[in-house]
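Novice: Sharing input00.tsv below, TSV, C-alpha atoms and all ligand atoms:
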```tsv
chain	number	residue	atom	x	y	z
A	1	ALA	CA	218.40	-138.51	194.48
A	2	CYS	CA	222.12	-138.77	195.17
A	3	TYR	CA	222.82	-135.93	192.74
A	4	LYS	CA	220.24	-133.86	194.56
A	5	ALA	CA	221.76	-134.68	197.95
A	6	ALA	CA	225.09	-133.27	196.76
A	7	GLU	CA	223.37	-130.16	195.43
A	8	LEU	CA	221.40	-129.76	198.65
A	9	CYS	CA	224.57	-129.96	200.72
A	10	ARG	CA	226.09	-127.17	198.65
A	11	ALA	CA	222.93	-125.04	198.84
A	12	LEU	CA	222.72	-125.35	202.63
A	13	VAL	CA	226.38	-124.42	203.07
A	14	LYS	CA	225.81	-121.44	200.78
A	15	GLU	CA	222.91	-120.32	203.00
A	16	GLY	CA	225.22	-120.37	206.02
A	17	ALA	CA	224.41	-123.77	207.54
A	18	THR	CA	227.02	-126.06	209.01
A	19	VAL	CA	226.42	-129.41	207.32
A	20	GLN	CA	227.77	-132.60	208.84
A	21	VAL	CA	227.41	-135.36	206.27
A	22	VAL	CA	226.88	-138.93	207.45
A	23	MET	CA	226.57	-141.60	204.79
A	24	THR	CA	225.44	-145.19	204.85
A	25	GLU	CA	227.60	-147.73	203.06
A	26	ALA	CA	224.89	-147.93	200.41
A	27	ALA	CA	225.05	-144.16	199.91
A	28	ALA	CA	228.80	-144.39	199.42
A	29	GLN	CA	228.14	-146.69	196.43
A	30	PHE	CA	226.50	-143.73	194.67
A	31	VAL	CA	228.54	-140.69	195.75
A	32	THR	CA	231.95	-140.80	197.34
A	33	PRO	CA	232.52	-139.34	200.79
A	34	VAL	CA	235.24	-137.24	199.12
A	35	THR	CA	232.59	-135.41	197.08
A	36	MET	CA	230.47	-134.74	200.15
A	37	GLN	CA	233.50	-133.67	202.17
A	38	ALA	CA	234.47	-131.17	199.48
A	39	LEU	CA	230.93	-129.77	199.34
A	40	SER	CA	230.38	-129.60	203.10
A	41	ASN	CA	233.91	-128.65	204.03
A	42	GLN	CA	233.68	-131.13	206.93
A	43	PRO	CA	234.98	-134.68	207.37
A	44	VAL	CA	232.32	-137.23	206.38
A	45	TYR	CA	231.34	-140.12	208.62
A	46	VAL	CA	230.30	-143.56	207.39
A	47	SER	CA	231.17	-146.02	210.16
A	48	GLN	CA	230.09	-146.26	213.78
A	49	TRP	CA	233.62	-147.49	214.48
A	50	ASP	CA	235.26	-144.31	213.22
A	51	PRO	CA	238.57	-144.04	215.12
A	52	ARG	CA	238.74	-140.26	214.57
A	53	GLU	CA	236.40	-139.80	217.52
A	54	PRO	CA	238.42	-139.90	220.75
A	55	ASN	CA	235.70	-141.84	222.59
A	56	ASN	CA	234.74	-143.81	219.45
A	57	MET	CA	231.14	-142.67	219.85
A	58	ALA	CA	230.38	-140.75	216.68
A	59	HIS	CA	226.65	-141.44	217.16
A	60	ILE	CA	226.67	-139.41	220.39
A	61	ASN	CA	229.18	-136.73	219.46
A	62	LEU	CA	227.54	-135.86	216.15
A	63	THR	CA	224.00	-135.61	217.46
A	64	ARG	CA	224.38	-133.43	220.52
A	65	HIS	CA	224.75	-130.04	218.83
A	66	ALA	CA	222.72	-130.39	215.64
A	67	HIS	CA	219.63	-128.22	215.12
A	68	ALA	CA	218.09	-130.93	212.94
A	69	MET	CA	218.84	-134.21	211.19
A	70	LEU	CA	217.69	-134.62	207.60
A	71	VAL	CA	217.92	-138.01	205.92
A	72	ALA	CA	217.99	-137.32	202.18
A	73	PRO	CA	217.45	-139.64	200.44
A	74	ALA	CA	215.48	-141.77	202.91
A	75	SER	CA	215.07	-145.15	201.20
A	76	ALA	CA	212.15	-147.50	201.88
A	77	ASP	CA	214.58	-149.85	203.59
A	78	PHE	CA	216.06	-147.17	205.81
A	79	MET	CA	212.62	-146.03	206.94
A	80	ALA	CA	211.58	-149.63	207.68
A	81	LYS	CA	214.68	-149.93	209.82
A	82	LEU	CA	214.04	-146.63	211.65
A	83	LEU	CA	210.53	-147.71	212.43
A	84	HIS	CA	211.85	-150.59	214.50
A	85	GLY	CA	214.46	-148.51	216.24
A	86	ARG	CA	217.20	-150.64	214.72
A	87	ALA	CA	220.66	-149.17	214.86
A	88	ASP	CA	223.11	-151.34	212.96
A	89	ASP	CA	224.98	-148.57	211.16
A	90	LEU	CA	226.05	-145.04	212.06
A	91	LEU	CA	223.13	-143.20	210.47
A	92	SER	CA	220.36	-145.31	212.02
A	93	LEU	CA	222.28	-145.29	215.30
A	94	MET	CA	222.30	-141.47	215.20
A	95	CYS	CA	218.57	-141.32	214.45
A	96	LEU	CA	217.95	-143.41	217.55
A	97	ALA	CA	220.56	-141.74	219.76
A	98	ARG	CA	219.63	-138.15	218.99
A	99	PRO	CA	217.91	-136.18	221.79
A	100	VAL	CA	214.37	-136.20	220.36
A	101	ASP	CA	213.30	-132.98	222.07
A	102	THR	CA	216.09	-130.84	220.65
A	103	VAL	CA	217.09	-132.55	217.40
A	104	PRO	CA	214.10	-132.98	215.09
A	105	LEU	CA	214.33	-135.66	212.40
A	106	LEU	CA	213.25	-134.91	208.84
A	107	LEU	CA	213.01	-137.58	206.16
A	108	ALA	CA	213.06	-136.98	202.41
A	109	PRO	CA	211.81	-140.24	200.88
A	110	ALA	CA	213.16	-141.43	197.53
A	111	MET	CA	212.14	-144.67	195.84
A	112	ASN	CA	210.45	-146.38	192.93
A	113	LYS	CA	206.73	-145.66	192.55
A	114	GLU	CA	205.66	-149.22	193.45
A	115	MET	CA	207.80	-149.16	196.57
A	116	TRP	CA	206.31	-145.77	197.47
A	117	ALA	CA	202.73	-146.96	196.96
A	118	HIS	CA	203.25	-150.23	198.84
A	119	PRO	CA	201.10	-150.44	201.99
A	120	ALA	CA	204.19	-151.35	204.04
A	121	THR	CA	205.94	-148.10	203.08
A	122	GLN	CA	202.83	-146.00	203.68
A	123	ARG	CA	202.23	-147.74	207.02
A	124	ASN	CA	205.86	-147.23	208.03
A	125	MET	CA	205.71	-143.53	207.20
A	126	ALA	CA	202.51	-143.07	209.19
A	127	GLN	CA	204.20	-144.71	212.17
A	128	LEU	CA	207.35	-142.63	211.77
A	129	ARG	CA	205.19	-139.48	211.79
A	130	GLN	CA	203.55	-140.70	214.97
A	131	ASP	CA	207.00	-141.22	216.45
A	132	GLY	CA	207.71	-137.54	215.78
A	133	ALA	CA	209.58	-137.58	212.46
A	134	LYS	CA	208.68	-135.00	209.83
A	135	VAL	CA	208.23	-136.97	206.61
A	136	LEU	CA	208.53	-134.63	203.63
A	137	GLY	CA	206.63	-135.23	200.41
A	138	VAL	CA	207.94	-136.70	197.17
A	139	GLY	CA	208.00	-135.48	193.60
A	140	GLN	CA	206.35	-137.09	190.62
A	141	GLY	CA	207.86	-137.87	187.22
A	142	ASP	CA	210.64	-139.88	185.51
A	143	GLN	CA	212.40	-142.28	187.82
A	144	ALA	CA	215.98	-143.55	187.50
A	145	CYS	CA	214.60	-147.04	186.75
A	146	GLY	CA	212.74	-145.72	183.68
A	147	GLU	CA	209.26	-145.83	185.22
A	148	VAL	CA	207.16	-142.74	185.78
A	149	GLY	CA	205.29	-141.92	188.98
A	150	ASP	CA	205.48	-140.79	192.60
A	151	GLY	CA	208.54	-141.34	194.74
A	152	ARG	CA	211.21	-139.04	193.33
A	153	MET	CA	213.07	-137.20	196.04
A	154	LEU	CA	212.14	-133.51	196.17
A	155	GLU	CA	214.53	-131.18	194.36
A	156	ALA	CA	217.43	-129.68	196.31
A	157	ASP	CA	215.75	-126.28	196.32
A	158	GLU	CA	212.48	-127.74	197.59
A	159	LEU	CA	214.32	-129.53	200.38
A	160	ARG	CA	216.12	-126.35	201.37
A	161	HIS	CA	212.76	-124.56	201.42
A	162	SER	CA	211.26	-127.36	203.51
A	163	LEU	CA	214.03	-127.00	206.06
A	164	GLU	CA	213.63	-123.22	206.19
A	165	ALA	CA	209.87	-123.60	206.55
A	166	PHE	CA	210.39	-126.16	209.31
A	167	PHE	CA	212.45	-123.66	211.30
A	168	ALA	CA	210.20	-120.65	210.57
A	169	PRO	CA	208.36	-119.48	213.72
A	170	LYS	CA	204.66	-120.26	213.27
A	171	VAL	CA	203.53	-116.69	213.90
A	172	LEU	CA	200.52	-116.97	211.56
A	173	GLN	CA	199.37	-120.41	212.67
A	174	GLY	CA	195.70	-120.87	211.82
A	175	ARG	CA	195.38	-117.51	210.00
A	176	ARG	CA	193.96	-117.31	206.50
A	177	VAL	CA	196.08	-115.08	204.29
A	178	LEU	CA	195.10	-113.85	200.85
A	179	VAL	CA	197.83	-112.44	198.60
A	180	ASN	CA	197.59	-111.08	195.08
A	181	ALA	CA	200.70	-110.82	192.97
A	182	GLY	CA	202.09	-110.09	189.54
A	183	PRO	CA	200.82	-107.83	186.78
A	184	THR	CA	197.46	-107.97	185.07
A	185	TYR	CA	197.04	-108.22	181.30
A	186	GLU	CA	194.43	-106.09	179.58
A	187	ALA	CA	193.57	-107.36	176.11
A	188	ILE	CA	193.43	-105.06	173.07
A	189	ASP	CA	192.51	-107.93	170.76
A	190	PRO	CA	193.06	-111.73	170.97
A	191	VAL	CA	196.81	-111.43	170.39
A	192	ARG	CA	197.75	-108.04	171.83
A	193	GLY	CA	197.45	-106.50	175.24
A	194	ILE	CA	198.75	-104.05	177.80
A	195	THR	CA	200.58	-105.17	180.89
A	196	ASN	CA	203.42	-103.98	183.16
A	197	ARG	CA	206.84	-105.14	184.32
A	198	SER	CA	205.81	-106.66	187.65
A	199	SER	CA	207.44	-110.10	188.01
A	200	GLY	CA	205.30	-111.25	190.93
A	201	LYS	CA	208.42	-112.22	192.91
A	202	MET	CA	207.64	-110.09	195.97
A	203	GLY	CA	204.04	-111.33	196.23
A	204	PHE	CA	205.08	-114.96	195.74
A	205	ALA	CA	207.77	-114.56	198.41
A	206	ILE	CA	205.13	-113.16	200.80
A	207	ALA	CA	202.78	-116.06	200.05
A	208	ARG	CA	205.57	-118.49	200.78
A	209	ALA	CA	206.69	-116.75	203.97
A	210	ALA	CA	203.06	-116.70	205.19
A	211	ALA	CA	202.67	-120.42	204.48
A	212	ASP	CA	205.98	-121.14	206.23
A	213	ALA	CA	204.66	-119.16	209.21
A	214	GLY	CA	201.72	-121.56	209.46
A	215	ALA	CA	199.04	-119.63	207.56
A	216	MET	CA	196.57	-121.09	205.06
A	217	VAL	CA	197.47	-119.07	202.00
A	218	THR	CA	195.57	-118.32	198.81
A	219	LEU	CA	197.56	-116.61	196.09
A	220	VAL	CA	195.72	-114.87	193.27
A	221	ALA	CA	198.35	-114.56	190.54
A	222	GLY	CA	198.39	-112.53	187.37
A	223	PRO	CA	200.31	-113.88	184.36
A	224	VAL	CA	203.79	-114.70	185.73
A	225	ALA	CA	206.29	-117.50	185.17
A	226	LEU	CA	206.84	-118.49	188.80
A	227	PRO	CA	206.37	-121.85	190.53
A	228	THR	CA	203.63	-122.08	193.17
A	229	PRO	CA	205.13	-121.98	196.68
A	230	HIS	CA	204.71	-125.26	198.52
A	231	GLY	CA	201.42	-125.56	200.39
A	232	VAL	CA	199.88	-122.45	198.79
A	233	GLN	CA	196.55	-122.54	196.98
A	234	ARG	CA	196.97	-120.65	193.71
A	235	ILE	CA	194.30	-119.06	191.52
A	236	ASP	CA	195.57	-117.83	188.13
A	237	VAL	CA	193.93	-114.80	186.57
A	238	ILE	CA	194.68	-112.63	183.56
A	239	SER	CA	192.92	-109.26	183.72
A	240	ALA	CA	192.22	-106.81	186.53
A	241	GLN	CA	188.55	-107.71	186.35
A	242	HIS	CA	189.37	-111.43	186.78
A	243	MET	CA	191.62	-110.56	189.68
A	244	HIS	CA	188.95	-108.36	191.21
A	245	ALA	CA	186.37	-111.17	191.10
A	246	ALA	CA	188.79	-113.79	192.48
A	247	VAL	CA	190.04	-111.57	195.31
A	248	LEU	CA	186.58	-110.43	196.39
A	249	ALA	CA	185.34	-114.03	196.55
A	250	GLN	CA	188.34	-115.07	198.69
A	251	ALA	CA	188.46	-111.97	200.91
A	252	ALA	CA	185.21	-113.00	202.56
A	253	HIS	CA	187.10	-115.80	204.36
A	254	ALA	CA	190.49	-114.17	204.88
A	255	ASP	CA	192.08	-112.72	208.02
A	256	VAL	CA	194.78	-110.84	206.08
A	257	PHE	CA	194.86	-109.46	202.54
A	258	VAL	CA	198.23	-108.45	201.08
A	259	ALA	CA	197.73	-106.55	197.82
A	260	ALA	CA	201.14	-106.97	196.19
A	261	ALA	CA	199.78	-107.12	192.63
A	262	ALA	CA	200.49	-104.37	190.12
A	263	VAL	CA	196.92	-104.06	188.90
A	264	ALA	CA	196.50	-102.18	185.63
A	265	ASP	CA	194.77	-98.87	186.27
A	266	TRP	CA	192.94	-98.95	182.94
A	267	ARG	CA	191.61	-101.53	180.52
A	268	VAL	CA	190.80	-101.12	176.87
A	269	ASP	CA	187.17	-100.33	176.23
A	270	LEU	CA	185.63	-102.85	173.82
A	271	ALA	CA	188.61	-105.15	173.16
A	272	ALA	CA	188.36	-106.45	169.59
A	273	SER	CA	187.16	-110.04	169.28
A	274	GLN	CA	189.33	-110.60	166.17
A	275	LYS	CA	192.91	-109.51	165.56
A	276	ILE	CA	193.01	-105.87	164.45
A	277	LYS	CA	194.57	-105.85	160.99
A	278	LYS	CA	197.10	-103.31	159.86
A	279	GLU	CA	195.86	-101.77	156.62
A	280	ALA	CA	198.30	-99.99	154.32
A	281	GLY	CA	197.81	-96.25	154.61
A	282	ALA	CA	195.16	-96.52	157.35
A	283	ALA	CA	195.53	-94.61	160.63
A	284	PRO	CA	196.58	-96.68	163.71
A	285	PRO	CA	193.60	-97.79	165.80
A	286	ALA	CA	192.53	-95.40	168.55
A	287	LEU	CA	192.18	-97.05	171.96
A	288	ARG	CA	189.70	-95.85	174.54
A	289	PHE	CA	190.28	-96.77	178.17
A	290	LEU	CA	188.05	-97.52	181.11
A	291	GLU	CA	189.21	-97.36	184.72
A	292	ASN	CA	189.65	-100.72	186.42
A	293	PRO	CA	188.16	-101.36	189.85
A	294	ASP	CA	190.55	-100.57	192.72
A	295	ILE	CA	190.67	-104.01	194.29
A	296	LEU	CA	192.47	-102.98	197.46
A	297	ALA	CA	190.31	-99.94	198.17
A	298	GLU	CA	187.19	-102.01	197.62
A	299	VAL	CA	188.31	-104.87	199.85
A	300	ALA	CA	189.42	-102.38	202.52
A	301	ALA	CA	185.92	-100.88	202.47
A	302	THR	CA	184.14	-104.21	203.13
A	303	ALA	CA	182.47	-104.87	206.45
A	304	ARG	CA	185.06	-107.52	207.27
A	305	ALA	CA	187.90	-105.03	206.93
A	306	LEU	CA	186.02	-102.24	208.70
A	307	SER	CA	185.27	-104.48	211.68
A	308	GLY	CA	188.96	-105.33	211.92
A	309	ALA	CA	188.43	-109.01	211.06
A	310	LEU	CA	190.37	-108.53	207.81
A	311	PHE	CA	193.73	-106.76	207.99
A	312	CYS	CA	194.61	-105.12	204.64
A	313	VAL	CA	198.12	-104.37	203.45
A	314	GLY	CA	198.69	-102.23	200.37
A	315	PHE	CA	201.78	-101.82	198.23
A	316	ALA	CA	203.06	-98.72	196.51
A	317	ALA	CA	205.73	-98.71	193.82
A	318	GLU	CA	206.92	-95.14	193.40
A	319	SER	CA	209.71	-93.57	191.42
A	320	GLU	CA	210.27	-90.65	193.86
A	321	ASN	CA	209.13	-89.16	197.20
A	322	LEU	CA	208.41	-92.63	198.49
A	323	LEU	CA	207.42	-91.70	202.04
A	324	ALA	CA	205.04	-88.89	201.09
A	325	HIS	CA	203.38	-90.94	198.33
A	326	ALA	CA	203.12	-94.01	200.53
A	327	GLN	CA	201.52	-92.02	203.36
A	328	ALA	CA	199.04	-90.43	200.97
A	329	LYS	CA	198.23	-93.80	199.43
A	330	ARG	CA	197.68	-95.40	202.83
A	331	ALA	CA	195.15	-92.71	203.68
A	332	ARG	CA	193.46	-92.85	200.27
A	333	LYS	CA	193.08	-96.63	200.29
A	334	ASN	CA	192.19	-96.59	203.97
A	335	VAL	CA	194.48	-99.47	204.95
A	336	PRO	CA	196.34	-99.85	208.26
A	337	LEU	CA	199.66	-100.75	206.61
A	338	LEU	CA	201.18	-99.69	203.34
A	339	VAL	CA	204.45	-101.09	202.01
A	340	GLY	CA	206.40	-98.76	199.75
A	341	ASN	CA	209.23	-99.53	197.35
A	342	ILE	CA	211.10	-97.63	194.65
A	343	ASP	CA	209.94	-99.19	191.43
A	344	PRO	CA	212.77	-99.02	188.90
A	345	ASP	CA	214.84	-100.83	191.56
A	346	THR	CA	212.39	-103.63	192.25
A	347	PHE	CA	210.57	-104.96	189.20
A	348	GLY	CA	212.00	-108.35	188.27
A	349	GLN	CA	214.84	-108.15	190.84
A	350	ASP	CA	215.54	-110.75	193.48
A	351	ASP	CA	216.15	-108.10	196.11
A	352	ASN	CA	214.38	-104.99	197.25
A	353	ALA	CA	214.14	-102.45	200.08
A	354	LEU	CA	210.83	-101.69	201.78
A	355	LEU	CA	209.28	-98.88	203.75
A	356	LEU	CA	206.47	-99.88	206.14
A	357	VAL	CA	204.08	-96.99	206.67
A	358	ASP	CA	201.34	-97.05	209.31
A	359	GLU	CA	199.35	-94.52	211.33
A	360	HIS	CA	202.26	-93.95	213.73
A	361	GLY	CA	205.05	-93.39	211.20
A	362	TYR	CA	207.34	-95.56	209.16
A	363	ARG	CA	210.01	-98.23	209.42
A	364	GLU	CA	212.62	-99.11	206.82
A	365	LEU	CA	213.48	-102.67	205.92
A	366	PRO	CA	216.91	-102.26	204.30
A	367	ARG	CA	217.84	-103.90	200.98
A	368	ALA	CA	217.75	-107.67	201.21
A	369	SER	CA	216.48	-110.62	199.18
A	370	LYS	CA	212.75	-110.60	198.58
A	371	ALA	CA	212.54	-113.90	200.48
A	372	ASP	CA	214.17	-112.28	203.47
A	373	LEU	CA	212.03	-109.13	203.29
A	374	ALA	CA	208.91	-111.26	202.98
A	375	ARG	CA	209.83	-113.07	206.21
A	376	GLN	CA	210.40	-109.74	207.98
A	377	LEU	CA	207.11	-108.38	206.67
A	378	ILE	CA	205.20	-111.47	207.84
A	379	HIS	CA	206.78	-111.14	211.26
A	380	ASP	CA	205.81	-107.49	211.44
A	381	LEU	CA	202.31	-108.28	210.26
A	382	ALA	CA	201.82	-110.97	212.88
A	383	THR	CA	202.45	-108.42	215.64
A	384	ARG	CA	199.71	-106.18	214.23
A	385	LEU	CA	196.92	-108.78	214.22
A	386	ALA	CA	194.41	-108.97	217.00
A	387	PRO	CA	194.87	-112.12	219.09
A	388	LYS	CA	193.04	-115.07	217.62
A	389	THR	CA	189.81	-115.97	219.36
A	390	PRO	CA	189.82	-119.69	220.11
B	1	LIG	O1	197.12	-96.60	193.36
B	1	LIG	P1	198.24	-97.56	193.19
B	1	LIG	O2	198.05	-98.48	192.00
B	1	LIG	O3	199.61	-96.98	193.19
B	1	LIG	O4	198.16	-98.46	194.51
B	1	LIG	C1	198.90	-99.61	194.69
B	1	LIG	C2	198.18	-100.54	195.60
B	1	LIG	O5	196.80	-100.62	195.24
B	1	LIG	C3	198.71	-101.94	195.49
B	1	LIG	O6	198.52	-102.58	196.73
B	1	LIG	C4	197.81	-102.55	194.42
B	1	LIG	O7	197.73	-103.95	194.52
B	1	LIG	C5	196.47	-101.89	194.72
B	1	LIG	N1	195.64	-101.69	193.54
B	1	LIG	C6	194.45	-102.38	193.40
B	1	LIG	N2	193.64	-102.18	192.32
B	1	LIG	C7	193.96	-101.28	191.38
B	1	LIG	C8	195.14	-100.53	191.51
B	1	LIG	C9	195.96	-100.77	192.60
B	1	LIG	O8	194.16	-103.22	194.25
B	1	LIG	N3	193.15	-101.10	190.36
```
Can the structure from this file be put into structure tokens for me?
Ligand code: C5P
Specialist:
Amino acid sequence: ACYKAAELCRALVKEGATVQVVMTEAAAQFVTPVTMQALSNQPVYVSQWDPREPNNMAHINLTRHAHAMLVAPASADFMAKLLHGRADDLLSLMCLARPVDTVPLLLAPAMNKEMWAHPATQRNMAQLRQDGAKVLGVGQGDQACGEVGDGRMLEADELRHSLEAFFAPKVLQGRRVLVNAGPTYEAIDPVRGITNRSSGKMGFAIARAAADAGAMVTLVAGPVALPTPHGVQRIDVISAQHMHAAVLAQAAHADVFVAAAAVADWRVDLAASQKIKKEAGAAPPALRFLENPDILAEVAATARALSGALFCVGFAAESENLLAHAQAKRARKNVPLLVGNIDPDTFGQDDNALLLVDEHGYRELPRASKADLARQLIHDLATRLAPKTP
């Protein structure tokens, strides 16, 4: 966990945060304050008697301007102490002295699996939640002690995501969002198939941004090598027909459908059940194609979408004339919003530029990371939804 804390500090600084590191004496046994000072580019505090503070009140001075406090790692002992409001070192003193209404407290537990499972720890965490702390989850796997189980601190990246999600405005609170993402794979025989270069990154970023905005998100994913965003329910599919069935079943309960998947237009008619063998001198096999269902157009034509209860968003990857193609596609698919992008510039990349096309015109979202664009898109989307009926 101490390695991860150092990595997290670096990642947060890289994202533009000002990180003030405060360490307990126990923490300083694992990582030196010098390391954390170098990573955060700020002096590190360990003692409540730090003479660098003119009034000698580091616990007050350091907590008045923070946007949040994150204790990572939060040991079982430290949480037990917090629970009682004890304040016998600088960090616990700061947790108690912080203005609770403006400085939220997040805890990233890290401990051995038995300590994690112990009723005292679980009870303490429940109480800390009641007292207003946000207790983050833990990972599962190899522990420093050699045992295997729950209680590993979340990875630095997961913690950074948790913080971002914590700060994300909850503009989709209570909404059910369905996203499809990635390519589909259309089998020719058991070992060969036809697919496309979609990486799924944009769709996964949208699923994550929607979850961060408070939505309940289901992500129907074609074959991609991407981790499931935290808090998102994922359904893996292979072919367009699988995706079609999964999306239609889920769309019946959704408030929003974002069709970010690059669904194959055609599938091979009568895929071979055994591997097609190459025979010397024989002609290559001829493939016949059938058209796949248009998932988006079909969902957009359902009663739920027509009544306005389901808001459908289409995607268009074009190689030229983006605006004209996107407008035509919006009309053809009969969706209120169509998101266009230039495809040689987007597949597999971590950044993108989007064009939002609706009945009134268009708006450009200039090149940015897909994570950033996803957040902007979710924000835009939230403004388009009818107010939620209680
Ligand atoms: O017609 P085109 O494939 O360019 O349209 C792209 C949009 O339509 C995307 O939102 C994509 O997810 C959706 N689509 C679909 N089913 C298909 C083909 C495309 O849902 N068979």
Novice: May I ask which of the residues A:Pro293, A:Gly141, A:Gly146, A:Gly200 is the closest one to ligand LIG 1 (chain B), counting only C-alpha atoms and all ligand atoms?
Specialist: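 Under the stated criterion, the closest residue is A:Pro293.
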Novice: Given a cut-off of 6 Å, what residues near ligand LIG 1 (chain B) show up using only C-alpha atoms and all ligand atoms, put as a ChimeraX atom specification?
Specialist: /A:259-265,292-296,314-316
Novice: Please, could you write that set of residues out with C-alpha atoms as a PDB file, in the coordinates of the input?
Specialist:
```
ATOM      1  CA  ALA A 259     197.730-106.550 197.820  1.00  0.00           C
ATOM      2  CA  ALA A 260     201.140-106.970 196.190  1.00  0.00           C
ATOM      3  CA  ALA A 261     199.780-107.120 192.630  1.00  0.00           C
ATOM      4  CA  ALA A 262     200.490-104.370 190.120  1.00  0.00           C
ATOM      5  CA  VAL A 263     196.920-104.060 188.900  1.00  0.00           C
ATOM      6  CA  ALA A 264     196.500-102.180 185.630  1.00  0.00           C
ATOM      7  CA  ASP A 265     194.770 -98.870 186.270  1.00  0.00           C
ATOM      8  CA  ASN A 292     189.650-100.720 186.420  1.00  0.00           C
ATOM      9  CA  PRO A 293     188.160-101.360 189.850  1.00  0.00           C
ATOM     10  CA  ASP A 294     190.550-100.570 192.720  1.00  0.00           C
ATOM     11  CA  ILE A 295     190.670-104.010 194.290  1.00  0.00           C
ATOM     12  CA  LEU A 296     192.470-102.980 197.460  1.00  0.00           C
ATOM     13  CA  GLY A 314     198.690-102.230 200.370  1.00  0.00           C
ATOM     14  CA  PHE A 315     201.780-101.820 198.230  1.00  0.00           C
ATOM     15  CA  ALA A 316     203.060 -98.720 196.510  1.00  0.00           C
TER      16      ALA A 316
END
```
Novice: My list of candidates is A:Gly149, A:Gly85, A:Gly132, A:Pro227. Which is closest to Leu106 in chain A when distances are computed with all atoms listed in the file?
Specialist: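 Of the candidates, the smallest distance to Leu106 in chain A is held by A:Gly132.
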Novice: Pick from A:Lys4, A:Arg64, A:Arg10, A:Arg208: nearest to Ala165 in chain A, with all atoms listed in the file counted?
Specialist: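 The shortest atom-to-atom distance to Ala165 in chain A comes from A:Arg208.
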Novice: Find, counting only C-alpha atoms, the residue in A:Met69, A:Ala205, A:Ala5, A:Val299 that gets nearest to Asn352 in chain A.
Specialist: A:Ala205
Novice: If you measure from CA of Ile206 in chain A to CA of Asp343 in chain A, what distance in Å do you get, rounded to one decimal?
Specialist: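 Computing it gives 17.5 Å between the two atoms.
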Novice: Quick one: everything within 6 Å of Lys113 in chain A, counting only C-alpha atoms, minus sequence neighbours fewer than 3 positions away in the same chain. Send it as a list in words.
Specialist: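 Final neighbour list, sorted by chain and number: Trp116, Gly149, Asp150 and Gly151 of chain A.
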Novice: Take the point (200.7, -94.7, 207.4) in the file's coordinates, draw a sphere of radius 8 Å around it, and report as a PDB file with C-alpha atoms, in the frame of the given file every protein, DNA or RNA residue with an atom inside or on it, counting all atoms listed in the file.
Specialist:
```pdb
ATOM      1  CA  ALA A 326     203.120 -94.010 200.530  1.00  0.00           C
ATOM      2  CA  GLN A 327     201.520 -92.020 203.360  1.00  0.00           C
ATOM      3  CA  ALA A 328     199.040 -90.430 200.970  1.00  0.00           C
ATOM      4  CA  ARG A 330     197.680 -95.400 202.830  1.00  0.00           C
ATOM      5  CA  ALA A 331     195.150 -92.710 203.680  1.00  0.00           C
ATOM      6  CA  PRO A 336     196.340 -99.850 208.260  1.00  0.00           C
ATOM      7  CA  LEU A 337     199.660-100.750 206.610  1.00  0.00           C
ATOM      8  CA  LEU A 338     201.180 -99.690 203.340  1.00  0.00           C
ATOM      9  CA  LEU A 356     206.470 -99.880 206.140  1.00  0.00           C
ATOM     10  CA  VAL A 357     204.080 -96.990 206.670  1.00  0.00           C
ATOM     11  CA  ASP A 358     201.340 -97.050 209.310  1.00  0.00           C
ATOM     12  CA  GLU A 359     199.350 -94.520 211.330  1.00  0.00           C
ATOM     13  CA  HIS A 360     202.260 -93.950 213.730  1.00  0.00           C
ATOM     14  CA  GLY A 361     205.050 -93.390 211.200  1.00  0.00           C
ATOM     15  CA  TYR A 362     207.340 -95.560 209.160  1.00  0.00           C
TER      16      TYR A 362
END
```
Novice: Could you check which of A:Val138, A:Leu128, A:Ala368, A:Ala26 is closest to Cys95 in chain A, using only C-alpha atoms?
Specialist: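 Using only C-alpha atoms, Cys95 in chain A sits closest to A:Leu128.
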Novice: Counting all atoms listed in the file, figure out which residue out of A:Thr383, A:Gln274, A:Ser198, A:Gln241 gets nearest to Phe347 in chain A.
Specialist: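 Ranking A:Thr383, A:Gln274, A:Ser198, A:Gln241 by distance to Phe347 in chain A, first place goes to A:Ser198.
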Novice: Between CA of Ala181 in chain A and CA of Ala240 in chain A, what is the distance, to one decimal in Å?
Specialist: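 A separation of 11.4 Å between them.
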Novice: Record the distance separating CA of Lys275 in chain A and CA of Val191 in chain A, expressed in Å with one decimal.
Specialist: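 Separation between CA of Lys275 in chain A and CA of Val191 in chain A: 6.5 Å.
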Novice: Tell me, as a tab-separated table (two decimals) with C-alpha atoms, in the coordinates of the input, which residues lie within 8 Å of Ala11 in chain A, counting only C-alpha atoms; anything in the same chain fewer than 3 positions away does not count.
Specialist:
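Just written: result-v7.tsv:
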```
chain	number	residue	atom	x	y	z
A	7	GLU	CA	223.37	-130.16	195.43
A	8	LEU	CA	221.40	-129.76	198.65
A	14	LYS	CA	225.81	-121.44	200.78
A	15	GLU	CA	222.91	-120.32	203.00
A	156	ALA	CA	217.43	-129.68	196.31
A	157	ASP	CA	215.75	-126.28	196.32
A	160	ARG	CA	216.12	-126.35	201.37
```
Novice: Put a box with edges along x, y and z around all the listed atoms of range 362-377 of chain A, pad it by 5 Å on each side, then give me its centre and sizes in Å, one decimal, as lines of an AutoDock Vina configuration file.
Specialist:
```
center_x = 212.5
center_y = -104.7
center_z = 204.0
size_x = 20.7
size_y = 28.3
size_z = 20.8
```
Novice: Within 9 Å of Glu320 in chain A, counting only C-alpha atoms, which residues show up once you throw out same-chain ones fewer than 2 positions away? Write them as a list of chain:residue names, please.
Specialist: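 The residues that qualify are A:Glu318, A:Leu322, A:Leu323, A:His325, A:Ile342, A:Asp343.
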